[in-house]
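Student: So here's entry_3.cif (mmCIF, C-alpha atoms).
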```
data_work
#
loop_
_atom_site.label_atom_id
_atom_site.label_comp_id
_atom_site.auth_asym_id
_atom_site.auth_seq_id
_atom_site.Cartn_x
_atom_site.Cartn_y
_atom_site.Cartn_z
CA MET P 228 191.56 1.13 118.88
CA LYS P 229 190.73 1.27 115.16
CA GLU P 230 187.04 0.88 116.03
CA PHE P 231 187.26 3.93 118.25
CA THR P 232 189.17 6.38 116.07
CA LYS P 233 187.52 5.76 112.72
CA GLY P 234 184.32 7.56 113.73
CA ILE P 235 186.05 10.70 114.87
CA LEU P 236 187.49 12.00 111.62
CA LYS P 237 187.89 9.60 108.71
CA ARG P 238 184.36 8.27 108.80
CA ASN P 239 182.77 11.07 110.77
CA PRO P 240 179.05 10.28 110.94
CA ILE P 241 178.00 13.76 109.92
CA PHE P 242 180.57 14.96 107.42
CA TYR P 243 181.29 11.60 105.78
CA LEU P 244 178.31 9.33 106.37
CA MET P 245 175.82 12.25 106.32
CA LEU P 246 173.74 10.68 109.04
CA GLY P 247 172.01 12.37 111.95
CA LEU P 248 171.72 15.70 110.22
CA CYS P 249 168.55 16.90 111.90
CA PRO P 250 169.94 17.72 115.36
CA THR P 251 173.19 18.92 113.81
CA LEU P 252 171.36 21.65 112.01
CA ALA P 253 168.62 22.36 114.49
CA ILE P 254 170.33 22.76 117.85
CA THR P 255 173.67 24.25 116.84
CA THR P 256 172.52 27.82 117.40
CA ALA P 257 174.56 27.97 120.63
CA VAL P 258 177.60 26.05 121.87
CA GLU P 259 175.97 25.15 125.19
CA ASN P 260 173.04 23.50 123.41
CA ALA P 261 175.49 21.43 121.39
CA LEU P 262 177.31 20.33 124.56
CA ILE P 263 174.11 19.19 126.28
CA MET P 264 172.97 17.43 123.12
CA SER P 265 176.34 15.63 122.83
CA ALA P 266 176.08 14.41 126.41
CA ALA P 267 172.54 13.16 125.84
CA PHE P 268 173.56 11.51 122.63
CA LEU P 269 176.51 9.64 124.17
CA PHE P 270 174.27 8.60 127.05
CA VAL P 271 171.88 6.93 124.59
CA MET P 272 174.37 5.61 122.08
CA ILE P 273 176.90 3.77 124.26
CA PRO P 274 174.56 1.78 126.55
CA SER P 275 172.26 0.93 123.63
CA ALA P 276 175.17 -0.47 121.64
CA ALA P 277 176.43 -2.40 124.68
CA ILE P 278 173.04 -3.96 125.46
CA ILE P 279 172.23 -4.79 121.85
CA SER P 280 175.63 -6.39 121.47
CA MET P 281 174.99 -8.48 124.61
CA VAL P 282 171.62 -9.77 123.44
CA ARG P 283 172.45 -10.01 119.75
CA ARG P 284 172.33 -13.84 119.69
CA TRP P 285 168.81 -14.01 121.13
CA ILE P 286 167.12 -11.51 118.81
CA PRO P 287 165.52 -13.18 115.78
CA ARG P 288 166.51 -11.48 112.53
CA ASN P 289 162.95 -10.62 111.51
CA VAL P 290 162.12 -8.56 114.57
CA ARG P 291 165.54 -7.03 115.11
CA ILE P 292 164.63 -3.49 114.08
CA PRO P 293 161.66 -3.14 116.49
CA SER P 294 163.75 -4.71 119.27
CA PHE P 295 166.60 -2.25 118.67
CA ILE P 296 164.15 0.63 118.62
CA VAL P 297 162.68 -0.39 121.98
CA ILE P 298 166.13 -0.58 123.58
CA ILE P 299 167.18 2.79 122.14
CA ALA P 300 163.82 4.34 123.10
CA THR P 301 164.31 3.21 126.70
CA PHE P 302 167.55 5.14 127.06
CA THR P 303 166.10 8.09 125.19
CA THR P 304 163.19 8.21 127.64
CA ILE P 305 165.61 8.15 130.58
CA ILE P 306 167.68 11.08 129.28
CA ASP P 307 164.52 12.94 128.26
CA LEU P 308 163.20 12.73 131.82
CA LEU P 309 166.59 13.61 133.33
CA ILE P 310 166.98 16.76 131.23
CA HIS P 311 163.35 17.70 131.84
CA GLY P 312 163.90 17.33 135.58
CA PHE P 313 167.35 18.83 136.10
CA LEU P 314 167.95 21.16 133.16
CA PRO P 315 164.52 22.63 132.37
CA ARG P 316 166.11 25.62 130.61
CA PHE P 317 167.72 23.34 128.05
CA TYR P 318 164.61 21.18 127.78
CA GLU P 319 162.81 24.25 126.43
CA VAL P 320 165.51 24.95 123.85
CA LEU P 321 166.30 21.43 122.70
CA GLY P 322 162.59 20.61 122.64
CA ILE P 323 161.63 17.63 120.54
CA PHE P 324 165.21 16.92 119.52
CA ILE P 325 165.87 14.98 122.72
CA PRO P 326 163.06 12.45 122.05
CA LEU P 327 164.14 12.41 118.43
CA ILE P 328 167.48 10.80 119.34
CA VAL P 329 165.50 7.58 119.08
CA VAL P 330 165.15 7.91 115.31
CA ASN P 331 168.62 9.36 114.83
CA CYS P 332 170.12 7.53 111.88
CA ILE P 333 173.56 7.34 113.53
CA VAL P 334 172.31 5.32 116.49
CA MET P 335 170.16 3.01 114.39
CA GLY P 336 172.74 2.73 111.64
CA ARG P 337 175.67 1.83 113.91
CA VAL P 338 173.60 -0.56 115.97
CA GLU P 339 172.37 -2.35 112.87
CA ALA P 340 175.69 -2.31 111.04
CA PHE P 341 178.06 -2.93 113.94
CA ALA P 342 176.72 -3.70 117.44
CA SER P 343 174.35 -6.41 116.22
CA LYS P 344 177.28 -8.34 114.76
CA ASN P 345 180.24 -7.68 117.05
CA PRO P 346 181.30 -8.42 120.65
CA VAL P 347 180.49 -6.00 123.46
CA ARG P 348 183.92 -4.36 123.84
CA GLU P 349 184.27 -3.48 120.15
CA SER P 350 180.67 -2.31 120.02
CA ILE P 351 181.20 0.07 122.90
CA LEU P 352 184.35 1.45 121.27
CA ASP P 353 182.59 1.87 117.94
CA ALA P 354 179.63 3.61 119.58
CA ALA P 355 181.90 5.87 121.62
CA GLY P 356 183.94 6.79 118.54
CA MET P 357 180.87 7.57 116.47
CA GLY P 358 179.31 9.42 119.40
CA ILE P 359 182.40 11.55 119.90
CA GLY P 360 182.64 12.16 116.14
CA PHE P 361 179.05 13.40 116.22
CA SER P 362 179.70 15.54 119.31
CA ALA P 363 182.84 17.07 117.82
CA ALA P 364 180.96 17.88 114.62
CA ILE P 365 178.04 19.59 116.33
CA VAL P 366 180.32 21.53 118.67
CA VAL P 367 182.41 22.79 115.73
CA VAL P 368 179.30 23.79 113.79
CA SER P 369 177.82 25.52 116.83
CA ILE P 370 181.04 27.46 117.53
CA ILE P 371 181.09 28.77 113.96
CA ARG P 372 177.42 29.67 114.02
CA GLU P 373 177.39 31.32 117.43
CA LEU P 374 180.61 33.25 116.76
CA LEU P 375 179.45 34.60 113.41
CA GLY P 376 175.78 34.92 114.29
CA ARG P 377 176.12 36.58 117.69
CA GLY P 378 179.68 37.87 117.57
CA TYR P 379 180.69 36.11 120.79
CA VAL P 380 180.62 32.64 122.36
CA GLU P 381 179.13 32.19 125.80
CA ILE P 382 178.95 28.80 127.53
CA PHE P 383 176.86 28.38 130.69
CA GLY P 384 177.19 32.08 131.48
CA TYR P 385 180.96 32.29 130.91
CA THR P 386 182.18 34.28 127.95
CA VAL P 387 184.66 32.06 126.13
CA ILE P 388 185.31 34.23 123.10
CA PRO P 389 184.55 37.92 123.72
CA SER P 390 182.61 40.01 121.27
CA PHE P 391 184.74 41.08 118.33
CA THR P 392 182.22 42.86 116.18
CA ARG P 393 179.26 45.13 116.62
CA SER P 394 177.40 43.84 113.60
CA PRO P 395 177.28 40.03 113.66
CA ILE P 396 175.91 38.08 110.69
CA GLY P 397 172.46 37.38 112.11
CA VAL P 398 171.49 34.89 109.44
CA MET P 399 174.06 32.40 110.76
CA ILE P 400 171.90 31.49 113.76
CA LEU P 401 168.81 31.27 111.58
CA PRO P 402 168.01 28.14 109.55
CA PRO P 403 169.91 29.10 106.34
CA GLY P 404 173.12 29.58 108.34
CA ALA P 405 173.00 25.96 109.45
CA PHE P 406 172.88 24.59 105.91
CA LEU P 407 175.52 27.05 104.76
CA THR P 408 177.97 26.18 107.56
CA ILE P 409 177.75 22.43 107.01
CA GLY P 410 177.98 22.76 103.23
CA ILE P 411 181.15 24.83 103.50
CA ILE P 412 182.71 22.55 106.14
CA ILE P 413 182.18 19.48 103.94
CA ALA P 414 183.60 21.36 100.95
CA ILE P 415 186.73 22.23 102.97
CA PHE P 416 187.08 18.63 104.13
CA LYS P 417 186.81 17.45 100.56
CA LYS P 418 189.38 19.95 99.36
CA LYS P 419 191.84 18.82 102.01
CA GLY P 420 191.06 15.15 101.40
CA LEU P 421 190.41 14.55 105.09
CA LEU P 422 187.54 12.18 104.59
CA LYS P 423 187.96 8.61 103.52
CA GLY P 424 187.12 8.02 99.90
CA VAL P 425 185.77 11.41 98.88
CA MET I 147 138.00 26.94 110.16
CA GLU I 148 140.30 29.94 110.07
CA ASN I 149 142.36 28.26 112.74
CA LEU I 150 142.78 25.12 110.60
CA LEU I 151 143.83 27.25 107.65
CA ALA I 152 146.40 28.95 109.87
CA ILE I 153 147.76 25.55 110.95
CA ALA I 154 147.97 24.38 107.34
CA VAL I 155 149.72 27.50 106.03
CA GLY I 156 151.99 27.49 109.07
CA MET I 157 153.04 23.89 108.54
CA ILE I 158 153.50 24.11 104.78
CA LEU I 159 155.20 27.48 104.41
CA VAL I 160 156.08 29.36 107.58
CA ASN I 161 157.42 26.50 109.68
CA ASN I 162 158.27 24.18 106.83
CA ILE I 163 159.11 20.85 108.38
CA VAL I 164 162.36 20.42 106.42
CA LEU I 165 163.71 23.89 105.84
CA THR I 166 162.75 25.59 109.09
CA ARG I 167 162.33 22.83 111.65
CA PHE I 168 165.11 20.60 110.28
CA LEU I 169 163.21 17.32 110.33
CA GLY I 170 163.50 14.54 107.79
CA LEU I 171 166.80 15.79 106.40
CA CYS I 172 168.34 12.39 105.71
CA SER I 173 165.76 11.55 103.06
CA PHE I 174 165.60 15.18 101.94
CA PHE I 175 169.23 14.95 100.86
CA GLY I 176 169.23 11.24 100.05
CA VAL I 177 166.15 10.72 97.87
CA SER I 178 166.20 13.99 95.94
CA ARG I 179 168.27 12.93 92.94
CA ARG I 180 165.31 12.67 90.54
CA ILE I 181 161.89 14.31 90.54
CA ARG I 182 160.12 10.95 90.18
CA ASP I 183 161.75 9.56 93.33
CA ALA I 184 161.10 12.78 95.19
CA LEU I 185 157.43 12.68 94.21
CA GLY I 186 157.07 9.07 95.39
CA MET I 187 158.74 9.86 98.69
CA GLY I 188 156.64 13.00 99.13
CA ILE I 189 153.36 11.12 98.59
CA ALA I 190 154.40 8.25 100.87
CA VAL I 191 155.44 10.63 103.66
CA THR I 192 152.25 12.70 103.37
CA PHE I 193 150.11 9.56 103.60
CA VAL I 194 151.97 8.04 106.55
CA MET I 195 152.18 11.38 108.36
CA THR I 196 148.43 12.09 108.07
CA CYS I 197 147.49 8.62 109.32
CA SER I 198 150.12 8.59 112.08
CA ALA I 199 148.96 11.97 113.32
CA ALA I 200 145.38 10.67 113.55
CA ILE I 201 146.27 7.31 115.15
CA THR I 202 148.72 8.68 117.70
CA TRP I 203 146.22 11.33 118.77
CA PHE I 204 143.82 8.57 119.82
CA VAL I 205 146.59 6.58 121.47
CA TYR I 206 147.79 9.63 123.38
CA GLU I 207 144.41 10.98 124.53
CA TYR I 208 142.68 7.68 125.27
CA LEU I 209 145.54 5.43 126.39
CA LEU I 210 148.49 7.41 127.65
CA VAL I 211 146.73 10.35 129.32
CA PRO I 212 144.08 8.34 131.26
CA ALA I 213 146.78 5.92 132.41
CA GLY I 214 149.05 8.82 133.35
CA ILE I 215 151.99 7.40 131.43
CA GLN I 216 152.75 10.26 129.03
CA TYR I 217 156.44 9.66 129.63
CA MET I 218 156.10 6.39 127.68
CA ARG I 219 155.17 8.38 124.56
CA ILE I 220 158.51 7.94 122.79
CA VAL I 221 158.41 4.14 122.91
CA VAL I 222 154.68 3.95 122.17
CA PHE I 223 154.67 6.42 119.26
CA ILE I 224 157.63 4.86 117.52
CA LEU I 225 156.07 1.41 117.80
CA VAL I 226 152.72 2.66 116.53
CA ILE I 227 154.38 4.33 113.55
CA ALA I 228 156.61 1.34 112.79
CA SER I 229 153.73 -1.14 112.91
CA PHE I 230 151.49 1.14 110.86
CA VAL I 231 154.14 1.44 108.15
CA GLN I 232 154.67 -2.32 108.17
CA MET I 233 150.92 -2.89 107.86
CA VAL I 234 150.57 -0.46 104.96
CA GLU I 235 153.46 -2.18 103.24
CA VAL I 236 151.82 -5.62 103.51
CA ILE I 237 148.40 -4.35 102.37
CA VAL I 238 149.77 -2.39 99.43
CA ARG I 239 151.90 -5.34 98.34
CA LYS I 240 148.90 -7.71 98.36
CA LYS I 241 146.19 -5.41 97.00
CA ALA I 242 148.01 -3.07 94.66
CA PRO I 243 151.24 -4.52 93.32
CA SER I 244 151.74 -1.70 90.82
CA LEU I 245 151.43 0.92 93.53
CA TYR I 246 153.83 -1.13 95.63
CA ARG I 247 156.42 -1.08 92.89
CA ALA I 248 156.11 2.68 92.65
CA MET I 249 155.99 3.50 96.36
CA GLY I 250 157.13 0.34 98.15
CA ILE I 251 160.82 1.07 98.44
CA TYR I 252 160.12 4.34 100.23
CA LEU I 253 157.97 2.84 102.95
CA PRO I 254 160.68 1.18 105.08
CA LEU I 255 162.68 4.41 104.91
CA ILE I 256 159.81 6.25 106.52
CA THR I 257 159.88 4.42 109.85
CA THR I 258 163.14 6.07 110.74
CA ASN I 259 162.22 9.38 109.15
CA CYS I 260 162.35 11.74 112.08
CA ALA I 261 159.82 14.04 110.45
CA ILE I 262 156.98 11.62 111.28
CA LEU I 263 157.83 11.26 114.95
CA GLY I 264 158.66 14.97 115.11
CA VAL I 265 155.27 16.07 113.79
CA VAL I 266 153.47 13.63 116.07
CA LEU I 267 155.36 14.97 119.09
CA ILE I 268 154.69 18.57 118.07
CA ASN I 269 150.96 17.77 117.72
CA THR I 270 150.49 16.02 121.03
CA GLU I 271 153.03 17.67 123.27
CA VAL I 272 154.00 21.12 122.10
CA GLU I 273 150.73 22.33 120.56
CA ARG I 274 148.21 19.98 122.19
CA TYR I 275 145.98 20.08 119.10
CA SER I 276 142.46 18.63 118.89
CA PHE I 277 141.86 15.57 116.71
CA VAL I 278 140.93 17.47 113.54
CA ALA I 279 143.73 19.98 114.04
CA SER I 280 146.24 17.14 114.53
CA THR I 281 145.19 15.45 111.33
CA VAL I 282 145.28 18.71 109.38
CA SER I 283 148.68 19.51 110.84
CA GLY I 284 150.00 16.05 109.91
CA PHE I 285 148.68 16.35 106.36
CA SER I 286 150.06 19.86 105.85
CA ALA I 287 153.42 18.88 107.26
CA GLY I 288 153.52 16.08 104.70
CA ILE I 289 152.66 18.53 101.92
CA GLY I 290 155.38 20.85 103.19
CA TYR I 291 157.86 17.99 103.07
CA ALA I 292 156.77 17.03 99.55
CA LEU I 293 157.10 20.65 98.42
CA ALA I 294 160.61 20.97 99.82
CA ILE I 295 161.89 17.67 98.42
CA LEU I 296 160.36 18.38 94.98
CA LEU I 297 161.98 21.81 94.83
CA MET I 298 165.28 20.24 95.82
CA ALA I 299 165.00 17.46 93.22
CA GLY I 300 164.08 19.94 90.50
CA ILE I 301 167.15 22.04 91.24
CA LYS I 302 169.41 19.00 91.55
CA GLU I 303 168.37 17.74 88.11
CA ARG I 304 169.46 21.06 86.63
CA LEU I 305 172.70 20.93 88.58
CA GLU I 306 173.85 17.88 86.69
CA ILE I 307 174.70 20.05 83.72
CA ALA I 308 175.99 22.96 85.79
CA GLU I 309 179.65 23.69 86.37
CA ILE I 310 180.36 23.32 90.06
CA PRO I 311 183.76 23.81 91.72
CA GLU I 312 185.43 20.46 92.39
CA SER I 313 185.15 20.51 96.19
CA PHE I 314 181.50 21.54 96.14
CA ARG I 315 180.32 18.63 93.97
CA GLU I 316 177.65 16.27 95.32
CA SER I 317 176.77 16.89 98.96
CA PRO I 318 178.18 20.40 99.72
CA ILE I 319 176.24 22.03 96.88
CA GLY I 320 173.12 20.31 98.19
CA PHE I 321 173.56 22.09 101.51
CA ILE I 322 174.18 25.44 99.84
CA ILE I 323 170.96 25.04 97.83
CA ALA I 324 169.12 24.06 100.98
CA ALA I 325 170.45 27.25 102.60
CA LEU I 326 169.09 29.34 99.72
CA LEU I 327 165.73 27.53 99.87
CA ALA I 328 165.61 28.10 103.63
CA MET I 329 166.20 31.82 103.04
CA VAL I 330 163.30 31.84 100.58
CA PHE I 331 161.05 30.14 103.13
CA MET I 332 162.11 32.65 105.78
CA GLY I 333 160.30 35.18 103.63
CA PHE I 334 157.01 33.57 104.66
CA GLY I 335 157.74 34.38 108.31
CA GLY I 336 155.06 36.45 110.00
CA MET I 337 152.33 35.35 107.59
CA VAL I 338 150.39 33.50 110.27
#
```
Any chance you could put this one into structure tokens?
Tutor:
Amino acid sequence: MKEFTKGILKRNPIFYLMLGLCPTLAITTAVENALIMSAAFLFVMIPSAAIISMVRRWIPRNVRIPSFIVIIATFTTIIDLLIHGFLPRFYEVLGIFIPLIVVNCIVMGRVEAFASKNPVRESILDAAGMGIGFSAAIVVVSIIRELLGRGYVEIFGYTVIPSFTRSPIGVMILPPGAFLTIGIIIAIFKKKGLLKGV
Amino acid sequence: MENLLAIAVGMILVNNIVLTRFLGLCSFFGVSRRIRDALGMGIAVTFVMTCSAAITWFVYEYLLVPAGIQYMRIVVFILVIASFVQMVEVIVRKKAPSLYRAMGIYLPLITTNCAILGVVLINTEVERYSFVASTVSGFSAGIGYALAILLMAGIKERLEIAEIPESFRESPIGFIIAALLAMVFMGFGGMV
């Protein structure tokens, strides 16, 4: 259980480990994008960790990184094709950030640091915890950005939080808003001492 | 010619790879403590990005497209980039040990730098550039990256003597600065 929960808050991959920042900043302009991205990410992360953990004894140390990359790239290709086929609207928005899951530091980092050394069950739990930590982080960031930047939150056509202002802060859904939101969230976490060791 | 200039200005300023497209952020925040490190990283990324853009263009147009297996691009591109970086590392270590000491530690970091794969994907898939345009776009993206990371390192060096509120020390202030830099770069919007 410890393997599972550590990734969600105490060692959150984004706010504590500062890994996988690119998609966090790029696709959090709307909550629905963040949800699709989280699903895609979990789809890549968990099976990759499971398979790498299964074959860890047969991979020679010298070629481990290329082998991991090929396994991760396989799952990334699958989800890339699935989203392209079934959710073309999101494929347009998420663009290159779906293929870029393959070089996401969280996946590579956890696989290298954990799944390549631990049994399958623990590896799956670790991957799921980190994956959910990542998903939670991008959903939180996207809620803040969409709420402030558009004035309302709309997920898959349903209005979740109705419009509360007629002059939203437009810059929040532009690039600077992304950096600003994450910077302030980390500062709050530090102030409250929520993260391990900072 | 004008078109190439537009691509270059677009990649360096308007759609800066780091501050507008959000690629290569891990190293942007990680290796920007000192200007020297930032410069080394910037040069290494520019070099690898230019060459990768050129190589993957050939691989895409002459291998993947004729065979009709464009969907294999993710696996193929990442392997091409990884082996190219490995090769450069071996050659530089053998032929130019002094250069290796200066640049060597940044090379392994580049394989998992999403900026490289991102630019390559933008070139082949989104924009469908010609060979020359791809290379120019790769080179300018590298320059854009170097520019962003140098600006960041310059500001961070000054920050060491600045008084920052306790909770904003280290990483949060980095993000706030990045936000301000991104606002500056937004000013270039509409130039191309």
Student: Within 12 Å of (166.3, 9.0, 104.0), in the coordinates the file gives, what residues turn up when you count only C-alpha atoms, written out as JSON, numbers by chain?
Tutor: {"P": [245, 246, 247, 248, 249, 330, 331, 332, 336], "I": [169, 170, 171, 172, 173, 174, 175, 176, 177, 178, 179, 183, 184, 187, 188, 191, 251, 252, 253, 254, 255, 256, 257, 258, 259, 260, 261, 295]}
Student: Quick one: contact table of chain P to chain I, 8 Å max, nearest atom pair and distance in Å to one decimal per residue, counting all atoms listed in the file, chain and number order, as JSON lines?
Tutor:
```
{"residue": "P:Met245", "atom": "CA", "partner": "I:Cys172", "partner_atom": "CA", "distance": 7.5}
{"residue": "P:Leu246", "atom": "CA", "partner": "I:Cys172", "partner_atom": "CA", "distance": 6.6}
{"residue": "P:Gly247", "atom": "CA", "partner": "I:Cys172", "partner_atom": "CA", "distance": 7.2}
{"residue": "P:Leu248", "atom": "CA", "partner": "I:Leu171", "partner_atom": "CA", "distance": 6.2}
{"residue": "P:Cys249", "atom": "CA", "partner": "I:Phe168", "partner_atom": "CA", "distance": 5.3}
{"residue": "P:Pro250", "atom": "CA", "partner": "I:Phe168", "partner_atom": "CA", "distance": 7.6}
{"residue": "P:Leu252", "atom": "CA", "partner": "I:Phe168", "partner_atom": "CA", "distance": 6.6}
{"residue": "P:Ala253", "atom": "CA", "partner": "I:Phe168", "partner_atom": "CA", "distance": 5.8}
{"residue": "P:Pro293", "atom": "CA", "partner": "I:Leu225", "partner_atom": "CA", "distance": 7.3}
{"residue": "P:Ile296", "atom": "CA", "partner": "I:Ile224", "partner_atom": "CA", "distance": 7.8}
{"residue": "P:Val297", "atom": "CA", "partner": "I:Val221", "partner_atom": "CA", "distance": 6.3}
{"residue": "P:Ala300", "atom": "CA", "partner": "I:Val221", "partner_atom": "CA", "distance": 5.4}
{"residue": "P:Thr301", "atom": "CA", "partner": "I:Val221", "partner_atom": "CA", "distance": 7.1}
{"residue": "P:Thr303", "atom": "CA", "partner": "I:Ile220", "partner_atom": "CA", "distance": 8.0}
{"residue": "P:Thr304", "atom": "CA", "partner": "I:Ile220", "partner_atom": "CA", "distance": 6.7}
{"residue": "P:Leu308", "atom": "CA", "partner": "I:Tyr217", "partner_atom": "CA", "distance": 7.7}
{"residue": "P:Ile323", "atom": "CA", "partner": "I:Gly264", "partner_atom": "CA", "distance": 6.7}
{"residue": "P:Pro326", "atom": "CA", "partner": "I:Ile220", "partner_atom": "CA", "distance": 6.4}
{"residue": "P:Leu327", "atom": "CA", "partner": "I:Cys260", "partner_atom": "CA", "distance": 6.6}
{"residue": "P:Val329", "atom": "CA", "partner": "I:Ile220", "partner_atom": "CA", "distance": 7.9}
{"residue": "P:Val330", "atom": "CA", "partner": "I:Thr258", "partner_atom": "CA", "distance": 5.3}
{"residue": "P:Asn331", "atom": "CA", "partner": "I:Cys260", "partner_atom": "CA", "distance": 7.2}
{"residue": "P:Cys332", "atom": "CA", "partner": "I:Thr258", "partner_atom": "CA", "distance": 7.2}
{"residue": "P:Pro402", "atom": "CA", "partner": "I:Thr166", "partner_atom": "CA", "distance": 5.9}
{"residue": "P:Pro403", "atom": "CA", "partner": "I:Ala325", "partner_atom": "CA", "distance": 4.2}
{"residue": "P:Gly404", "atom": "CA", "partner": "I:Ala325", "partner_atom": "CA", "distance": 6.7}
{"residue": "P:Ala405", "atom": "CA", "partner": "I:Ala325", "partner_atom": "CA", "distance": 7.4}
{"residue": "P:Phe406", "atom": "CA", "partner": "I:Ala325", "partner_atom": "CA", "distance": 4.9}
{"residue": "P:Leu407", "atom": "CA", "partner": "I:Ile322", "partner_atom": "CA", "distance": 5.3}
{"residue": "P:Ile409", "atom": "CA", "partner": "I:Phe321", "partner_atom": "CA", "distance": 6.9}
{"residue": "P:Gly410", "atom": "CA", "partner": "I:Pro318", "partner_atom": "CA", "distance": 4.2}
{"residue": "P:Ile411", "atom": "CA", "partner": "I:Pro318", "partner_atom": "CA", "distance": 6.5}
{"residue": "P:Ile413", "atom": "CA", "partner": "I:Pro318", "partner_atom": "CA", "distance": 5.9}
{"residue": "P:Ala414", "atom": "CA", "partner": "I:Ser313", "partner_atom": "CA", "distance": 5.1}
{"residue": "P:Ile415", "atom": "CA", "partner": "I:Ser313", "partner_atom": "CA", "distance": 7.2}
{"residue": "P:Lys417", "atom": "CA", "partner": "I:Ser313", "partner_atom": "CA", "distance": 5.6}
{"residue": "P:Lys418", "atom": "CA", "partner": "I:Ser313", "partner_atom": "CA", "distance": 5.3}
```
Student: So the first atom is CA of Phe285 (chain I) and the second is CA of Ile201 (chain I); what is the distance between them in Å, to one decimal place?
Tutor: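 That distance, rounded to one decimal, is 12.8 Å.
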Student: Once the PyMOL selection byres ((chain I and resi 195) around 7) is applied to the coordinates I shared, what remains selected? I want it as a PyMOL selection string.
Tutor: chain I and resi 191-194+196-199+262+284-285+288
Student: Given the file shown, determine the residues that the PyMOL selection byres ((chain P and resi 351-365) around 9) selects; report them as a PDB file with C-alpha atoms, keeping the file's coordinate frame.
Tutor:
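What ended up in expr-v3.pdb:
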```pdb
ATOM      1  CA  MET P 228     191.560   1.130 118.880  1.00  0.00           C
ATOM      2  CA  LYS P 229     190.730   1.270 115.160  1.00  0.00           C
ATOM      3  CA  GLU P 230     187.040   0.880 116.030  1.00  0.00           C
ATOM      4  CA  PHE P 231     187.260   3.930 118.250  1.00  0.00           C
ATOM      5  CA  THR P 232     189.170   6.380 116.070  1.00  0.00           C
ATOM      6  CA  LYS P 233     187.520   5.760 112.720  1.00  0.00           C
ATOM      7  CA  GLY P 234     184.320   7.560 113.730  1.00  0.00           C
ATOM      8  CA  ILE P 235     186.050  10.700 114.870  1.00  0.00           C
ATOM      9  CA  LEU P 236     187.490  12.000 111.620  1.00  0.00           C
ATOM     10  CA  ARG P 238     184.360   8.270 108.800  1.00  0.00           C
ATOM     11  CA  ASN P 239     182.770  11.070 110.770  1.00  0.00           C
ATOM     12  CA  PRO P 240     179.050  10.280 110.940  1.00  0.00           C
ATOM     13  CA  ILE P 241     178.000  13.760 109.920  1.00  0.00           C
ATOM     14  CA  PHE P 242     180.570  14.960 107.420  1.00  0.00           C
ATOM     15  CA  GLY P 247     172.010  12.370 111.950  1.00  0.00           C
ATOM     16  CA  PRO P 250     169.940  17.720 115.360  1.00  0.00           C
ATOM     17  CA  THR P 251     173.190  18.920 113.810  1.00  0.00           C
ATOM     18  CA  LEU P 252     171.360  21.650 112.010  1.00  0.00           C
ATOM     19  CA  ILE P 254     170.330  22.760 117.850  1.00  0.00           C
ATOM     20  CA  THR P 255     173.670  24.250 116.840  1.00  0.00           C
ATOM     21  CA  VAL P 258     177.600  26.050 121.870  1.00  0.00           C
ATOM     22  CA  ALA P 261     175.490  21.430 121.390  1.00  0.00           C
ATOM     23  CA  LEU P 262     177.310  20.330 124.560  1.00  0.00           C
ATOM     24  CA  MET P 264     172.970  17.430 123.120  1.00  0.00           C
ATOM     25  CA  SER P 265     176.340  15.630 122.830  1.00  0.00           C
ATOM     26  CA  ALA P 266     176.080  14.410 126.410  1.00  0.00           C
ATOM     27  CA  PHE P 268     173.560  11.510 122.630  1.00  0.00           C
ATOM     28  CA  LEU P 269     176.510   9.640 124.170  1.00  0.00           C
ATOM     29  CA  MET P 272     174.370   5.610 122.080  1.00  0.00           C
ATOM     30  CA  ILE P 273     176.900   3.770 124.260  1.00  0.00           C
ATOM     31  CA  PRO P 274     174.560   1.780 126.550  1.00  0.00           C
ATOM     32  CA  SER P 275     172.260   0.930 123.630  1.00  0.00           C
ATOM     33  CA  ALA P 276     175.170  -0.470 121.640  1.00  0.00           C
ATOM     34  CA  ALA P 277     176.430  -2.400 124.680  1.00  0.00           C
ATOM     35  CA  SER P 280     175.630  -6.390 121.470  1.00  0.00           C
ATOM     36  CA  ILE P 333     173.560   7.340 113.530  1.00  0.00           C
ATOM     37  CA  VAL P 334     172.310   5.320 116.490  1.00  0.00           C
ATOM     38  CA  ARG P 337     175.670   1.830 113.910  1.00  0.00           C
ATOM     39  CA  VAL P 338     173.600  -0.560 115.970  1.00  0.00           C
ATOM     40  CA  PHE P 341     178.060  -2.930 113.940  1.00  0.00           C
ATOM     41  CA  ALA P 342     176.720  -3.700 117.440  1.00  0.00           C
ATOM     42  CA  PRO P 346     181.300  -8.420 120.650  1.00  0.00           C
ATOM     43  CA  VAL P 347     180.490  -6.000 123.460  1.00  0.00           C
ATOM     44  CA  ARG P 348     183.920  -4.360 123.840  1.00  0.00           C
ATOM     45  CA  GLU P 349     184.270  -3.480 120.150  1.00  0.00           C
ATOM     46  CA  SER P 350     180.670  -2.310 120.020  1.00  0.00           C
ATOM     47  CA  VAL P 366     180.320  21.530 118.670  1.00  0.00           C
ATOM     48  CA  VAL P 367     182.410  22.790 115.730  1.00  0.00           C
ATOM     49  CA  VAL P 368     179.300  23.790 113.790  1.00  0.00           C
ATOM     50  CA  SER P 369     177.820  25.520 116.830  1.00  0.00           C
ATOM     51  CA  ILE P 370     181.040  27.460 117.530  1.00  0.00           C
TER      52      ILE P 370
END
```
Student: For CA of Gly384 (chain P) and CA of Asp307 (chain P), determine how far apart the two atoms are, in Å to one decimal place.
Tutor: 23.2 Å
Student: One decimal, in Å: what's the spacing between CA of Ile306 (chain P) and CA of Val380 (chain P)?
Tutor: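 Separating CA of Ile306 (chain P) from CA of Val380 (chain P) is a distance of 26.1 Å.
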Student: Do a neighbour search on Arg291 (chain P) at 10 Å with only C-alpha atoms, toss out local chain neighbours closer than 6 positions, and write the hits as a PyMOL selection string.
Tutor: chain P and resi 279+283+285+297+339+343
